[in-house]
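Notes follow once the structure below has been shown.
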Amino acid sequence: MVKEALVNQIVCIIYNSIMFNPINRLAAILCLLVTFNSCKQATDKNAQATNTTDKQWWKKAVVYQIYPRSFKDSNGDGVGDLNGITSKLDYIKSLGINTIWLNPVYSSPNTDNGYDVSDYRNIMKEFGTMADFDNMLKAMHERGIKLVMDLVVNHSSNEHEWFKKSSSSRSNPYRNYYHWWNAERGKPPYRYSLFDVNHDAWKYDSLTNAYYLHYFSVQQPDLNWENPKVRQEVYSIMKFWADKGIDGFRMDAYQFAAKDTTFPKFPVNGQNFMKYYAIGPHLHDYLKEMNHEVYSKYNLMSVAEGAGNSLQDAHDMVDADRHELNMAYAFDGVGVAQANGYSLIDFKNVFSRWDSAFAKKGWLSIFLANHDQARLVSRFGNDSEAFRVISSKMLNTFLLTMRGTPYVYNGDELGMTNAGFTKVSDYNDVALLNEYQHLKQTGGDLNKYLQSAGKENRDNSRTPFPWNNSTNAGFTTGKPWIGINPNYKTINAAAEEKDPNSCLSYFKKVIRLRKDNPVLVDGKYTLLDKSNPEVYAYTRELNGKKLLILLNFKSKTATANTGIDLSKAKLLLGNYPATTKSGKLRPYEALVYQL
Ligand code: GLC
Ligand code: CA
């Protein structure tokens, strides 16, 4: 008992010490996975015949991530929906992006906003119908926009038919679709749950006198990937959507799918416990099988959330000759931000290390925000009145001038800020609500927790999209499911569309710059002025074309010491109205030169 408690404590300490964000446990563990050890349109199978270049369309993609619940409500129930998205496709098209990643829209009781799927072949009632989906997909394709869907298969909802059957009796044919531990074996070895009130991933179920495993909430039981039937079910679901013509999958929490199912006790010193917990020995077997069964038969983009424990793990998941996935989505970059800020040197080192590791082989995702993170400008820039616009433009310049496929989270093109939530009742996030309960039960500091949630919690980025300055920001005519950011009166799409100096107008320019300059997609990246703590400077080079990017990450004037003579350089883009060629950068200034 004492030993168990000790292990427990060590595991918790490791988590807490590495967790840059004690609120957002999920992002933390994904980051931990990386840092712990080393720090058609394919409606038809004819797509197989497409040439290599077309098959690599995802390299040229700029991905716009839509959080459907908060994007646009079409029927006044306060919840965003598919028809809402369809009604805004012209706006999305006007951004210049060519790919949408849509968070889950499958049937779900919504414990975790769609990340608890109860029917993988149906649309969540609140979001509309399959006909609405088909219509949306068609409308996207008509505009040259591809659709990447979230695939949530590390776990299902406890309301999925599979789980209902699996939990009904020990002899049910679906029993092995999930991980069960019969109680006569004693208590199962401790496993951490990211979203559980007691941090315990085993839930006792009296009906069959057994525990089931849930790495996330109690309502999200983990699927047993060692069962070939489960894997075939997933491939068949993937084909169902691929046959509808979708263009890719983002595989949610997939690293957790492969785990050591003998469930050995965590080592007493807590070291290397991740190797028991995730990224199990069969991860690549599953991915290869999935590629063989599904990806190789369609022209799909494929990306898993998280990129393993090391650069090598990431390569093993995405190098073309591995026949697994297209691109890595690594958390090191987003993990640089701490509650009290971050070091630009660390930031540059992380992005440079990943770029150089992937310079010759493999492909990366470039992102600094998503639906599990606080807002881009609040976390990596400066959301004060004086600097919000300029720093948001600078960050978007970074995202769109790096090598890899950029992902932009909806609202970041407007420079949206954190929500300003202060009370627990402001929040909807299952992770936050359960952790709050946990702290309450264990005598934790609730005020401190809410204070840090105000900065770091993922609900910060889930507030409704501000379309205009009318009631409820033009998002809904009803009561929004979560609070609207009060600054929507000024930060909204309609206002920014009219203003040539807005974040939105600038965002469109950077996207155009990337489109016009293939060097920004494939070109070699070289970090300059490495030890400069204020300026991020780099070049991108391809076929004799060379661009220089200078970004001041600070609120004071800074100097870039690149040694490059700018007198003959041509300025392609800057986030300030007029610019000199002195190498001096104003607060959060971003400059892109052609050399
Ligand atoms: C992923 C999702 C997150 C979700 C979790 C459980 O990390 O991005 O939003 O809560 O998995 O499915
Ligand atoms: Ca609605």
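Convention: chains lettered A, B, ... in structure tokens order; per-chain residue numbering from 1; ligands numbered from 1 as shown.
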Closest atom pairs, chain A residues within 12 Å of ligand 2, only C-alpha atoms and all ligand atoms, as JSON lines:
```
{"residue": "A:Pro68", "atom": "CA", "partner": "ligand 2", "partner_atom_place_in_ligand_line": "1 (Ca)", "distance": 9.7}
{"residue": "A:Arg69", "atom": "CA", "partner": "ligand 2", "partner_atom_place_in_ligand_line": "1 (Ca)", "distance": 8.1}
{"residue": "A:Ser70", "atom": "CA", "partner": "ligand 2", "partner_atom_place_in_ligand_line": "1 (Ca)", "distance": 9.5}
{"residue": "A:Phe71", "atom": "CA", "partner": "ligand 2", "partner_atom_place_in_ligand_line": "1 (Ca)", "distance": 9.8}
{"residue": "A:Lys72", "atom": "CA", "partner": "ligand 2", "partner_atom_place_in_ligand_line": "1 (Ca)", "distance": 7.6}
{"residue": "A:Asp73", "atom": "CA", "partner": "ligand 2", "partner_atom_place_in_ligand_line": "1 (Ca)", "distance": 4.3}
{"residue": "A:Ser74", "atom": "CA", "partner": "ligand 2", "partner_atom_place_in_ligand_line": "1 (Ca)", "distance": 5.2}
{"residue": "A:Asn75", "atom": "CA", "partner": "ligand 2", "partner_atom_place_in_ligand_line": "1 (Ca)", "distance": 4.8}
{"residue": "A:Gly76", "atom": "CA", "partner": "ligand 2", "partner_atom_place_in_ligand_line": "1 (Ca)", "distance": 5.7}
{"residue": "A:Asp77", "atom": "CA", "partner": "ligand 2", "partner_atom_place_in_ligand_line": "1 (Ca)", "distance": 4.8}
{"residue": "A:Gly78", "atom": "CA", "partner": "ligand 2", "partner_atom_place_in_ligand_line": "1 (Ca)", "distance": 5.7}
{"residue": "A:Val79", "atom": "CA", "partner": "ligand 2", "partner_atom_place_in_ligand_line": "1 (Ca)", "distance": 4.2}
{"residue": "A:Gly80", "atom": "CA", "partner": "ligand 2", "partner_atom_place_in_ligand_line": "1 (Ca)", "distance": 4.7}
{"residue": "A:Asp81", "atom": "CA", "partner": "ligand 2", "partner_atom_place_in_ligand_line": "1 (Ca)", "distance": 4.9}
{"residue": "A:Leu82", "atom": "CA", "partner": "ligand 2", "partner_atom_place_in_ligand_line": "1 (Ca)", "distance": 8.1}
{"residue": "A:Asn83", "atom": "CA", "partner": "ligand 2", "partner_atom_place_in_ligand_line": "1 (Ca)", "distance": 8.2}
{"residue": "A:Gly84", "atom": "CA", "partner": "ligand 2", "partner_atom_place_in_ligand_line": "1 (Ca)", "distance": 7.4}
{"residue": "A:Ile85", "atom": "CA", "partner": "ligand 2", "partner_atom_place_in_ligand_line": "1 (Ca)", "distance": 10.3}
{"residue": "A:Met124", "atom": "CA", "partner": "ligand 2", "partner_atom_place_in_ligand_line": "1 (Ca)", "distance": 10.9}
{"residue": "A:Lys125", "atom": "CA", "partner": "ligand 2", "partner_atom_place_in_ligand_line": "1 (Ca)", "distance": 9.4}
{"residue": "A:Glu126", "atom": "CA", "partner": "ligand 2", "partner_atom_place_in_ligand_line": "1 (Ca)", "distance": 6.1}
{"residue": "A:Phe127", "atom": "CA", "partner": "ligand 2", "partner_atom_place_in_ligand_line": "1 (Ca)", "distance": 6.2}
{"residue": "A:Gly128", "atom": "CA", "partner": "ligand 2", "partner_atom_place_in_ligand_line": "1 (Ca)", "distance": 7.8}
{"residue": "A:Thr129", "atom": "CA", "partner": "ligand 2", "partner_atom_place_in_ligand_line": "1 (Ca)", "distance": 11.5}
{"residue": "A:Pro464", "atom": "CA", "partner": "ligand 2", "partner_atom_place_in_ligand_line": "1 (Ca)", "distance": 12.0}
{"residue": "A:Phe475", "atom": "CA", "partner": "ligand 2", "partner_atom_place_in_ligand_line": "1 (Ca)", "distance": 9.7}
{"residue": "A:Thr476", "atom": "CA", "partner": "ligand 2", "partner_atom_place_in_ligand_line": "1 (Ca)", "distance": 7.9}
{"residue": "A:Thr477", "atom": "CA", "partner": "ligand 2", "partner_atom_place_in_ligand_line": "1 (Ca)", "distance": 9.7}
{"residue": "A:Gly478", "atom": "CA", "partner": "ligand 2", "partner_atom_place_in_ligand_line": "1 (Ca)", "distance": 9.0}
{"residue": "A:Lys479", "atom": "CA", "partner": "ligand 2", "partner_atom_place_in_ligand_line": "1 (Ca)", "distance": 10.4}
{"residue": "A:Pro480", "atom": "CA", "partner": "ligand 2", "partner_atom_place_in_ligand_line": "1 (Ca)", "distance": 9.5}
{"residue": "A:Trp481", "atom": "CA", "partner": "ligand 2", "partner_atom_place_in_ligand_line": "1 (Ca)", "distance": 9.8}
```
Which protein, DNA or RNA residues have an atom within 9 Å of ligand 1, counting only C-alpha atoms and all ligand atoms, as a count of residues only? 34
Can you list every residue in range 472-575 of chain A that DSSP puts in strand (DSSP E or B), as a ChimeraX atom specification? /A:524-528,535-542,545-552,558-559,570-574
Keeping only N, CA and C atoms, write the selected residues to a file as a PDB file, in the first residue's frame.
```pdb
ATOM      1  N   LYS A 524      14.709  25.524 -47.687  1.00  0.00           N
ATOM      2  CA  LYS A 524      15.596  25.237 -46.558  1.00  0.00           C
ATOM      3  C   LYS A 524      15.475  26.348 -45.508  1.00  0.00           C
ATOM      4  N   TYR A 525      15.455  25.940 -44.261  1.00  0.00           N
ATOM      5  CA  TYR A 525      15.355  26.893 -43.148  1.00  0.00           C
ATOM      6  C   TYR A 525      16.722  27.031 -42.489  1.00  0.00           C
ATOM      7  N   THR A 526      17.159  28.278 -42.262  1.00  0.00           N
ATOM      8  CA  THR A 526      18.411  28.486 -41.521  1.00  0.00           C
ATOM      9  C   THR A 526      18.186  29.528 -40.438  1.00  0.00           C
ATOM     10  N   LEU A 527      18.489  29.154 -39.215  1.00  0.00           N
ATOM     11  CA  LEU A 527      18.344  30.080 -38.090  1.00  0.00           C
ATOM     12  C   LEU A 527      19.523  31.038 -38.087  1.00  0.00           C
ATOM     13  N   LEU A 528      19.255  32.344 -37.894  1.00  0.00           N
ATOM     14  CA  LEU A 528      20.332  33.349 -37.801  1.00  0.00           C
ATOM     15  C   LEU A 528      20.259  33.992 -36.414  1.00  0.00           C
ATOM     16  N   VAL A 535      14.871  38.597 -30.868  1.00  0.00           N
ATOM     17  CA  VAL A 535      14.502  38.498 -32.287  1.00  0.00           C
ATOM     18  C   VAL A 535      14.653  37.067 -32.787  1.00  0.00           C
ATOM     19  N   TYR A 536      13.669  36.641 -33.545  1.00  0.00           N
ATOM     20  CA  TYR A 536      13.748  35.352 -34.239  1.00  0.00           C
ATOM     21  C   TYR A 536      14.017  35.693 -35.708  1.00  0.00           C
ATOM     22  N   ALA A 537      15.197  35.308 -36.193  1.00  0.00           N
ATOM     23  CA  ALA A 537      15.573  35.616 -37.573  1.00  0.00           C
ATOM     24  C   ALA A 537      15.923  34.320 -38.294  1.00  0.00           C
ATOM     25  N   TYR A 538      15.412  34.155 -39.492  1.00  0.00           N
ATOM     26  CA  TYR A 538      15.757  32.964 -40.267  1.00  0.00           C
ATOM     27  C   TYR A 538      15.592  33.229 -41.758  1.00  0.00           C
ATOM     28  N   THR A 539      16.261  32.396 -42.528  1.00  0.00           N
ATOM     29  CA  THR A 539      16.084  32.486 -43.970  1.00  0.00           C
ATOM     30  C   THR A 539      15.412  31.214 -44.458  1.00  0.00           C
ATOM     31  N   ARG A 540      14.776  31.356 -45.619  1.00  0.00           N
ATOM     32  CA  ARG A 540      14.202  30.205 -46.316  1.00  0.00           C
ATOM     33  C   ARG A 540      14.741  30.277 -47.744  1.00  0.00           C
ATOM     34  N   GLU A 541      15.211  29.155 -48.241  1.00  0.00           N
ATOM     35  CA  GLU A 541      15.887  29.159 -49.550  1.00  0.00           C
ATOM     36  C   GLU A 541      15.426  28.011 -50.417  1.00  0.00           C
ATOM     37  N   LEU A 542      15.180  28.322 -51.688  1.00  0.00           N
ATOM     38  CA  LEU A 542      14.823  27.258 -52.627  1.00  0.00           C
ATOM     39  C   LEU A 542      15.157  27.715 -54.042  1.00  0.00           C
ATOM     40  N   LYS A 545      16.171  31.197 -54.738  1.00  0.00           N
ATOM     41  CA  LYS A 545      15.373  32.256 -54.125  1.00  0.00           C
ATOM     42  C   LYS A 545      15.596  32.207 -52.623  1.00  0.00           C
ATOM     43  N   LYS A 546      15.786  33.388 -52.026  1.00  0.00           N
ATOM     44  CA  LYS A 546      16.067  33.403 -50.595  1.00  0.00           C
ATOM     45  C   LYS A 546      15.242  34.484 -49.898  1.00  0.00           C
ATOM     46  N   LEU A 547      14.509  34.097 -48.896  1.00  0.00           N
ATOM     47  CA  LEU A 547      13.739  35.063 -48.113  1.00  0.00           C
ATOM     48  C   LEU A 547      14.326  35.149 -46.710  1.00  0.00           C
ATOM     49  N   LEU A 548      14.255  36.358 -46.162  1.00  0.00           N
ATOM     50  CA  LEU A 548      14.716  36.576 -44.781  1.00  0.00           C
ATOM     51  C   LEU A 548      13.510  36.984 -43.943  1.00  0.00           C
ATOM     52  N   ILE A 549      13.339  36.327 -42.818  1.00  0.00           N
ATOM     53  CA  ILE A 549      12.211  36.656 -41.941  1.00  0.00           C
ATOM     54  C   ILE A 549      12.778  37.167 -40.625  1.00  0.00           C
ATOM     55  N   LEU A 550      12.337  38.355 -40.222  1.00  0.00           N
ATOM     56  CA  LEU A 550      12.783  38.950 -38.958  1.00  0.00           C
ATOM     57  C   LEU A 550      11.557  39.178 -38.078  1.00  0.00           C
ATOM     58  N   LEU A 551      11.587  38.631 -36.878  1.00  0.00           N
ATOM     59  CA  LEU A 551      10.430  38.751 -35.992  1.00  0.00           C
ATOM     60  C   LEU A 551      10.882  39.210 -34.611  1.00  0.00           C
ATOM     61  N   ASN A 552      10.365  40.353 -34.195  1.00  0.00           N
ATOM     62  CA  ASN A 552      10.657  40.810 -32.836  1.00  0.00           C
ATOM     63  C   ASN A 552       9.570  40.256 -31.911  1.00  0.00           C
ATOM     64  N   ALA A 558      14.119  46.178 -30.848  1.00  0.00           N
ATOM     65  CA  ALA A 558      15.210  45.203 -30.779  1.00  0.00           C
ATOM     66  C   ALA A 558      15.994  45.239 -32.086  1.00  0.00           C
ATOM     67  N   THR A 559      17.184  44.665 -32.036  1.00  0.00           N
ATOM     68  CA  THR A 559      18.022  44.673 -33.233  1.00  0.00           C
ATOM     69  C   THR A 559      18.311  43.258 -33.691  1.00  0.00           C
ATOM     70  N   LYS A 570      14.485  43.288 -50.891  1.00  0.00           N
ATOM     71  CA  LYS A 570      13.150  43.787 -51.246  1.00  0.00           C
ATOM     72  C   LYS A 570      12.178  43.376 -50.148  1.00  0.00           C
ATOM     73  N   LEU A 571      11.473  44.351 -49.603  1.00  0.00           N
ATOM     74  CA  LEU A 571      10.522  44.035 -48.542  1.00  0.00           C
ATOM     75  C   LEU A 571       9.245  43.451 -49.149  1.00  0.00           C
ATOM     76  N   LEU A 572       8.923  42.226 -48.778  1.00  0.00           N
ATOM     77  CA  LEU A 572       7.705  41.601 -49.313  1.00  0.00           C
ATOM     78  C   LEU A 572       6.505  41.845 -48.398  1.00  0.00           C
ATOM     79  N   LEU A 573       6.786  41.918 -47.109  1.00  0.00           N
ATOM     80  CA  LEU A 573       5.673  42.078 -46.163  1.00  0.00           C
ATOM     81  C   LEU A 573       6.189  42.592 -44.826  1.00  0.00           C
ATOM     82  N   GLY A 574       5.392  43.437 -44.193  1.00  0.00           N
ATOM     83  CA  GLY A 574       5.719  43.913 -42.850  1.00  0.00           C
ATOM     84  C   GLY A 574       4.430  44.187 -42.109  1.00  0.00           C
TER      85      GLY A 574
END
```
Within 10 Å of Ser378 in chain A, counting only C-alpha atoms, which residues qualify if same-chain residues fewer than 6 places away don't, as a ChimeraX atom specification? /A:384,388,391-392,415-419,455-456,460
Go through range 106-346 of chain A and collect every residue that DSSP, computed from the backbone, puts in helix (DSSP H, G or I); the answer should be as a PyMOL selection string. chain A and resi 125-127+130-142+161-166+175-177+183-185+228-244+254-256+274-277+283-293+295-297+311-318+320-322+334-336+344-346
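Distances from A:Leu368, A:Leu513, A:Met274, A:Ala578 to Gln594 in chain A were compared using only C-alpha atoms, and the smallest one belongs to A:Leu513.
Taking only C-alpha atoms, the non-local environment of Pro466 in chain A within 8 Å (same-chain residues fewer than 6 positions away omitted) comprises Gly411, Asn472, Ala473, Gly474, Phe475, Tyr488, Ile491, Asn492 and Ala493 of chain A.
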Where does range 65-181 of chain A meet range 54-60 of chain A within 10 Å, residue by residue, with the nearest atom pair and distance in Å to one decimal for each, counting only C-alpha atoms, listed by chain and rising number, as a Markdown table?
```
| residue | atom | partner | partner_atom | distance |
| --- | --- | --- | --- | --- |
| A:Asn98 | CA | A:Lys60 | CA | 8.8 |
| A:Thr99 | CA | A:Trp58 | CA | 8.4 |
| A:Lys146 | CA | A:Trp58 | CA | 9.6 |
```
Residues from last step as file, N, CA and C atoms, as a PDB file, in the first residue's frame:
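Output file part07.pdb follows:
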```pdb
ATOM      1  N   ASN A  98      -6.796  26.359 -47.671  1.00  0.00           N
ATOM      2  CA  ASN A  98      -7.312  25.351 -48.602  1.00  0.00           C
ATOM      3  C   ASN A  98      -7.714  24.039 -47.929  1.00  0.00           C
ATOM      4  N   THR A  99      -7.585  23.974 -46.612  1.00  0.00           N
ATOM      5  CA  THR A  99      -7.936  22.736 -45.904  1.00  0.00           C
ATOM      6  C   THR A  99      -8.571  23.086 -44.563  1.00  0.00           C
ATOM      7  N   LYS A 146     -10.409  21.415 -48.838  1.00  0.00           N
ATOM      8  CA  LYS A 146     -10.454  20.002 -48.448  1.00  0.00           C
ATOM      9  C   LYS A 146     -10.877  19.878 -46.994  1.00  0.00           C
TER      10      LYS A 146
END
```
When you look at Thr405 in chain A with a cut-off of 8 Å (counting only C-alpha atoms), what residues show up, excluding the ones that are within fewer than 2 positions of it in the same chain? I need them as a PyMOL selection string. chain A and resi 58-63+363-366+403+407+521
Selection file, N, CA, C and O atoms, as a PDB file, in the first residue's frame:
```
ATOM      1  N   TRP A  58      -1.000  17.827 -49.143  1.00  0.00           N
ATOM      2  CA  TRP A  58      -1.031  18.272 -47.751  1.00  0.00           C
ATOM      3  C   TRP A  58       0.209  19.060 -47.354  1.00  0.00           C
ATOM      4  O   TRP A  58       0.204  19.780 -46.377  1.00  0.00           O
ATOM      5  N   LYS A  59       1.280  18.954 -48.172  1.00  0.00           N
ATOM      6  CA  LYS A  59       2.465  19.771 -47.879  1.00  0.00           C
ATOM      7  C   LYS A  59       2.170  21.230 -48.179  1.00  0.00           C
ATOM      8  O   LYS A  59       2.716  22.124 -47.554  1.00  0.00           O
ATOM      9  N   LYS A  60       1.329  21.447 -49.185  1.00  0.00           N
ATOM     10  CA  LYS A  60       1.015  22.830 -49.569  1.00  0.00           C
ATOM     11  C   LYS A  60      -0.227  23.355 -48.836  1.00  0.00           C
ATOM     12  O   LYS A  60      -0.652  24.478 -49.041  1.00  0.00           O
ATOM     13  N   ALA A  61      -0.792  22.511 -47.987  1.00  0.00           N
ATOM     14  CA  ALA A  61      -2.025  22.920 -47.311  1.00  0.00           C
ATOM     15  C   ALA A  61      -1.749  23.979 -46.254  1.00  0.00           C
ATOM     16  O   ALA A  61      -0.684  23.998 -45.638  1.00  0.00           O
ATOM     17  N   VAL A  62      -2.709  24.881 -46.097  1.00  0.00           N
ATOM     18  CA  VAL A  62      -2.741  25.703 -44.888  1.00  0.00           C
ATOM     19  C   VAL A  62      -4.035  25.275 -44.206  1.00  0.00           C
ATOM     20  O   VAL A  62      -5.122  25.411 -44.767  1.00  0.00           O
ATOM     21  N   VAL A  63      -3.881  24.699 -43.027  1.00  0.00           N
ATOM     22  CA  VAL A  63      -5.030  24.091 -42.360  1.00  0.00           C
ATOM     23  C   VAL A  63      -5.700  25.114 -41.442  1.00  0.00           C
ATOM     24  O   VAL A  63      -5.038  25.764 -40.635  1.00  0.00           O
ATOM     25  N   TRP A 363       7.856  15.090 -42.544  1.00  0.00           N
ATOM     26  CA  TRP A 363       7.165  16.375 -42.704  1.00  0.00           C
ATOM     27  C   TRP A 363       6.517  16.755 -41.378  1.00  0.00           C
ATOM     28  O   TRP A 363       6.038  15.872 -40.643  1.00  0.00           O
ATOM     29  N   LEU A 364       6.498  18.079 -41.095  1.00  0.00           N
ATOM     30  CA  LEU A 364       5.997  18.531 -39.797  1.00  0.00           C
ATOM     31  C   LEU A 364       4.743  19.388 -39.908  1.00  0.00           C
ATOM     32  O   LEU A 364       4.533  20.047 -40.922  1.00  0.00           O
ATOM     33  N   SER A 365       3.992  19.425 -38.838  1.00  0.00           N
ATOM     34  CA  SER A 365       2.917  20.403 -38.678  1.00  0.00           C
ATOM     35  C   SER A 365       3.511  21.587 -37.926  1.00  0.00           C
ATOM     36  O   SER A 365       4.336  21.399 -37.036  1.00  0.00           O
ATOM     37  N   ILE A 366       3.084  22.790 -38.285  1.00  0.00           N
ATOM     38  CA  ILE A 366       3.517  23.984 -37.559  1.00  0.00           C
ATOM     39  C   ILE A 366       2.276  24.595 -36.906  1.00  0.00           C
ATOM     40  O   ILE A 366       1.335  24.974 -37.602  1.00  0.00           O
ATOM     41  N   ARG A 403       8.874  26.025 -42.376  1.00  0.00           N
ATOM     42  CA  ARG A 403       8.728  24.817 -43.203  1.00  0.00           C
ATOM     43  C   ARG A 403       7.795  23.847 -42.476  1.00  0.00           C
ATOM     44  O   ARG A 403       7.931  23.605 -41.284  1.00  0.00           O
ATOM     45  N   TYR A 407      -1.025  25.193 -39.237  1.00  0.00           N
ATOM     46  CA  TYR A 407      -2.393  25.023 -38.745  1.00  0.00           C
ATOM     47  C   TYR A 407      -2.776  26.318 -38.031  1.00  0.00           C
ATOM     48  O   TYR A 407      -2.082  26.745 -37.116  1.00  0.00           O
ATOM     49  N   VAL A 521       7.133  27.001 -48.427  1.00  0.00           N
ATOM     50  CA  VAL A 521       6.648  25.656 -48.117  1.00  0.00           C
ATOM     51  C   VAL A 521       7.830  24.705 -47.948  1.00  0.00           C
ATOM     52  O   VAL A 521       8.029  24.119 -46.889  1.00  0.00           O
TER      53      VAL A 521
END
```
Determine the nearest neighbour of Ala183 in chain A from the options A:Ser87, A:Ser310, A:Ser169, A:Asn209, counting only C-alpha atoms. A:Asn209
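Minimum atom-to-atom distance to Gln65 in chain A, evaluated using only C-alpha atoms, belongs to A:Asp412 out of A:Asp412, A:Asp445, A:Glu324, A:Asp205.
The interatomic distance for the pair CA of Glu497 in chain A and CA of Met402 in chain A works out to 25.7 Å.
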Nearest candidate to Pro587 in chain A (options A:Phe387, A:Thr463, A:Asn487, A:Gly443; using only C-alpha atoms): A:Phe387
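A straight line drawn from CA of Gly248 in chain A to CA of Gln373 in chain A is 22.6 Å long.
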Between A:Phe421, A:Tyr120, A:Tyr190, A:Phe553, smallest distance to Leu344 in chain A by only C-alpha atoms belongs to A:Phe553
